[in-house]
Amino acid sequence: MKRKLSLFFWVLFLSISVYGQKRQPVDEVASIQQTSDWQAHYWKKHKTFKALGWTFSMVGVASVGGAYCLALSGLEAPYSKSRNVGSAALLIGGGCLILASIPMFCLGYSNKRKARSISLQGQNLSSPLPDGSVSFRPGVSLCMTF
């Protein structure tokens, strides 16, 4: 069993390192690509804030629901004061989480708007020549990022 487990981890480690490498052309001249995603950090922030907003709202709704159930069960039978204080704290904490989710959604939306853009860029376009060299020509590109 130990041998199978170590073989599994070796295959996993080697496959991760193989997929992590970048291919370089063997017979061709490697051209430098100057394409970069300027808005990648805005998309990352958008996804992070969106996930935080949904997490805060769902945890808040669950805690408010739990506090409501505790309050209803407290009406049927008399419970201690600490249980009532705990359900009130759970209700207040859930309400605060629901309110905290609203700015997260707003920040996610504003980063999504920043990530969308239309820009005009100037770059050097590379084209291979028949003798094996590379020719660079100036070019203008219209970038629409969604």
# chains A, B, ... in the order shown; residues from 1 in each chain; ligands from 1
call {"tool": "residues_around", "arguments": {"residues": "Cys106 of chain A", "least_positions_apart": "4", "cutoff": "10 Å", "atoms": "only C-alpha atoms", "output": "MDAnalysis selection string"}}
result
chainID A and resid 46 49:50 53 101:102 110:112
call {"tool": "write_last_selection", "arguments": {"atoms": "N, CA and C atoms", "output": "mmCIF file, in the first residue's frame"}}
result
data_model
loop_
_atom_site.group_PDB
_atom_site.id
_atom_site.type_symbol
_atom_site.label_atom_id
_atom_site.label_comp_id
_atom_site.auth_asym_id
_atom_site.auth_seq_id
_atom_site.Cartn_x
_atom_site.Cartn_y
_atom_site.Cartn_z
ATOM 1 N N HIS A 46 -12.966 41.769 -8.766
ATOM 2 C CA HIS A 46 -14.400 41.600 -8.977
ATOM 3 C C HIS A 46 -14.853 40.228 -8.489
ATOM 4 N N PHE A 49 -14.597 40.084 -4.531
ATOM 5 C CA PHE A 49 -15.660 40.814 -3.842
ATOM 6 C C PHE A 49 -17.018 40.166 -4.058
ATOM 7 N N LYS A 50 -17.232 39.612 -5.241
ATOM 8 C CA LYS A 50 -18.500 38.939 -5.505
ATOM 9 C C LYS A 50 -18.634 37.696 -4.622
ATOM 10 N N GLY A 53 -19.264 38.834 -1.072
ATOM 11 C CA GLY A 53 -20.638 39.308 -0.917
ATOM 12 C C GLY A 53 -21.622 38.164 -0.782
ATOM 13 N N SER A 101 -22.628 42.615 3.268
ATOM 14 C CA SER A 101 -22.541 42.054 1.918
ATOM 15 C C SER A 101 -22.852 43.102 0.849
ATOM 16 N N ILE A 102 -23.604 44.124 1.198
ATOM 17 C CA ILE A 102 -23.985 45.145 0.214
ATOM 18 C C ILE A 102 -22.760 45.902 -0.314
ATOM 19 N N SER A 110 -18.058 47.822 -9.211
ATOM 20 C CA SER A 110 -17.192 48.919 -9.674
ATOM 21 C C SER A 110 -15.900 48.371 -10.290
ATOM 22 N N ASN A 111 -15.366 47.276 -9.755
ATOM 23 C CA ASN A 111 -14.178 46.680 -10.366
ATOM 24 C C ASN A 111 -14.506 46.020 -11.696
ATOM 25 N N LYS A 112 -15.724 45.526 -11.842
ATOM 26 C CA LYS A 112 -16.135 44.960 -13.129
ATOM 27 C C LYS A 112 -16.223 46.054 -14.193
#
call {"tool": "closest_residue", "arguments": {"among": "A:Met58, A:Tyr42, A:Thr48, A:Leu142", "to": "Ile98 of chain A", "atoms": "only C-alpha atoms"}}
result
A:Met58
call {"tool": "residues_around", "arguments": {"residues": "Gly60 of chain A", "least_positions_apart": "6", "cutoff": "12 Å", "atoms": "only C-alpha atoms", "output": "VMD selection string"}}
result
chain A and resid 52 to 54 66 to 67 90 to 102
call {"tool": "closest_residue", "arguments": {"among": "A:Ser135, A:Ser87, A:Ser82, A:Lys114", "to": "Leu70 of chain A", "atoms": "only C-alpha atoms"}}
result
A:Ser87
call {"tool": "atom_distance", "arguments": {"atom1": "atom CA of Ala51 of chain A", "atom2": "atom CA of Cys69 of chain A"}}
result
26.9 Å
call {"tool": "atom_distance", "arguments": {"atom1": "atom CA of Phe56 of chain A", "atom2": "atom CA of Pro103 of chain A"}}
result
10.6 Å
call {"tool": "atom_distance", "arguments": {"atom1": "atom CA of Phe105 of chain A", "atom2": "atom CA of Gln39 of chain A"}}
result
18.7 Å
call {"tool": "decode", "arguments": {"residues": "segment 62-96 of chain A", "atoms": "N, CA, C and O atoms", "output": "compact mmCIF listing (two decimals), in the first residue's frame"}}
result
# COMPACT_ATOMS: atom_id res chain seq x y z
N ALA A 62 -28.40 32.57 7.06
CA ALA A 62 -28.44 31.35 7.87
C ALA A 62 -28.42 31.67 9.36
O ALA A 62 -29.15 31.05 10.15
N SER A 63 -27.63 32.65 9.77
CA SER A 63 -27.59 32.97 11.20
C SER A 63 -28.86 33.68 11.65
O SER A 63 -29.33 33.45 12.77
N VAL A 64 -29.46 34.51 10.81
CA VAL A 64 -30.74 35.13 11.16
C VAL A 64 -31.82 34.05 11.26
O VAL A 64 -32.65 34.07 12.18
N GLY A 65 -31.79 33.10 10.34
CA GLY A 65 -32.75 31.99 10.41
C GLY A 65 -32.56 31.15 11.66
O GLY A 65 -33.52 30.73 12.30
N GLY A 66 -31.30 30.89 12.02
CA GLY A 66 -31.02 30.14 13.25
C GLY A 66 -31.48 30.90 14.49
O GLY A 66 -32.02 30.30 15.43
N ALA A 67 -31.25 32.21 14.51
CA ALA A 67 -31.69 33.01 15.64
C ALA A 67 -33.21 33.03 15.74
O ALA A 67 -33.79 32.99 16.83
N TYR A 68 -33.88 33.07 14.60
CA TYR A 68 -35.34 33.05 14.58
C TYR A 68 -35.85 31.72 15.13
O TYR A 68 -36.80 31.71 15.92
N CYS A 69 -35.21 30.61 14.72
CA CYS A 69 -35.62 29.30 15.24
C CYS A 69 -35.38 29.19 16.74
O CYS A 69 -36.19 28.62 17.47
N LEU A 70 -34.26 29.72 17.21
CA LEU A 70 -33.99 29.72 18.65
C LEU A 70 -35.00 30.57 19.41
O LEU A 70 -35.43 30.20 20.51
N ALA A 71 -35.38 31.68 18.84
CA ALA A 71 -36.36 32.54 19.50
C ALA A 71 -37.73 31.86 19.55
O ALA A 71 -38.44 31.95 20.55
N LEU A 72 -38.10 31.16 18.47
CA LEU A 72 -39.39 30.45 18.48
C LEU A 72 -39.38 29.29 19.46
O LEU A 72 -40.39 29.02 20.12
N SER A 73 -38.26 28.60 19.55
CA SER A 73 -38.20 27.49 20.50
C SER A 73 -38.17 28.01 21.93
O SER A 73 -38.58 27.32 22.86
N GLY A 74 -37.71 29.19 22.16
CA GLY A 74 -37.71 29.80 23.49
C GLY A 74 -39.10 30.20 23.94
O GLY A 74 -39.35 30.35 25.14
N LEU A 75 -40.03 30.40 22.99
CA LEU A 75 -41.39 30.75 23.36
C LEU A 75 -42.16 29.55 23.91
O LEU A 75 -43.06 29.70 24.74
N GLU A 76 -41.82 28.36 23.43
CA GLU A 76 -42.54 27.16 23.86
C GLU A 76 -42.18 26.75 25.28
O GLU A 76 -43.03 26.34 26.06
N ALA A 77 -40.93 26.81 25.61
CA ALA A 77 -40.48 26.41 26.94
C ALA A 77 -39.56 27.49 27.48
O ALA A 77 -38.78 28.07 26.73
N PRO A 78 -39.64 27.75 28.76
CA PRO A 78 -38.75 28.79 29.32
C PRO A 78 -37.29 28.31 29.34
O PRO A 78 -36.99 27.22 29.80
N TYR A 79 -36.43 29.12 28.78
CA TYR A 79 -35.01 28.81 28.75
C TYR A 79 -34.26 29.84 29.57
O TYR A 79 -34.82 30.86 29.99
N SER A 80 -33.00 29.61 29.72
CA SER A 80 -32.19 30.53 30.52
C SER A 80 -31.97 31.84 29.78
O SER A 80 -32.18 31.94 28.57
N LYS A 81 -31.55 32.83 30.55
CA LYS A 81 -31.32 34.15 29.98
C LYS A 81 -30.14 34.14 29.01
O LYS A 81 -30.13 34.87 28.02
N SER A 82 -29.15 33.27 29.27
CA SER A 82 -27.99 33.23 28.39
C SER A 82 -28.36 32.73 26.99
O SER A 82 -27.77 33.15 26.00
N ARG A 83 -29.34 31.84 26.90
CA ARG A 83 -29.77 31.37 25.58
C ARG A 83 -30.47 32.49 24.82
O ARG A 83 -30.29 32.62 23.61
N ASN A 84 -31.27 33.28 25.51
CA ASN A 84 -31.93 34.40 24.85
C ASN A 84 -30.92 35.45 24.40
O ASN A 84 -31.06 36.04 23.33
N VAL A 85 -29.89 35.67 25.21
CA VAL A 85 -28.84 36.61 24.83
C VAL A 85 -28.05 36.07 23.64
O VAL A 85 -27.70 36.82 22.72
N GLY A 86 -27.82 34.77 23.61
CA GLY A 86 -27.12 34.15 22.47
C GLY A 86 -27.91 34.26 21.18
O GLY A 86 -27.35 34.53 20.12
N SER A 87 -29.23 34.05 21.26
CA SER A 87 -30.04 34.18 20.04
C SER A 87 -30.10 35.64 19.58
O SER A 87 -30.10 35.91 18.38
N ALA A 88 -30.10 36.58 20.52
CA ALA A 88 -30.09 38.00 20.13
C ALA A 88 -28.75 38.36 19.49
O ALA A 88 -28.72 39.10 18.49
N ALA A 89 -27.66 37.83 20.04
CA ALA A 89 -26.35 38.10 19.44
C ALA A 89 -26.24 37.49 18.05
O ALA A 89 -25.67 38.09 17.13
N LEU A 90 -26.81 36.29 17.88
CA LEU A 90 -26.80 35.65 16.57
C LEU A 90 -27.63 36.44 15.57
O LEU A 90 -27.24 36.59 14.41
N LEU A 91 -28.75 36.98 16.02
CA LEU A 91 -29.60 37.80 15.15
C LEU A 91 -28.88 39.08 14.75
O LEU A 91 -28.89 39.47 13.57
N ILE A 92 -28.23 39.74 15.69
CA ILE A 92 -27.52 40.99 15.38
C ILE A 92 -26.32 40.71 14.47
O ILE A 92 -26.07 41.45 13.51
N GLY A 93 -25.58 39.64 14.76
CA GLY A 93 -24.44 39.29 13.90
C GLY A 93 -24.86 38.94 12.49
O GLY A 93 -24.21 39.33 11.51
N GLY A 94 -25.96 38.22 12.34
CA GLY A 94 -26.46 37.88 11.01
C GLY A 94 -26.91 39.11 10.25
O GLY A 94 -26.67 39.25 9.05
N GLY A 95 -27.58 40.03 10.96
CA GLY A 95 -28.00 41.28 10.31
C GLY A 95 -26.80 42.10 9.86
O GLY A 95 -26.82 42.70 8.78
N CYS A 96 -25.76 42.13 10.68
CA CYS A 96 -24.55 42.87 10.30
C CYS A 96 -23.87 42.24 9.09
O CYS A 96 -23.36 42.94 8.21
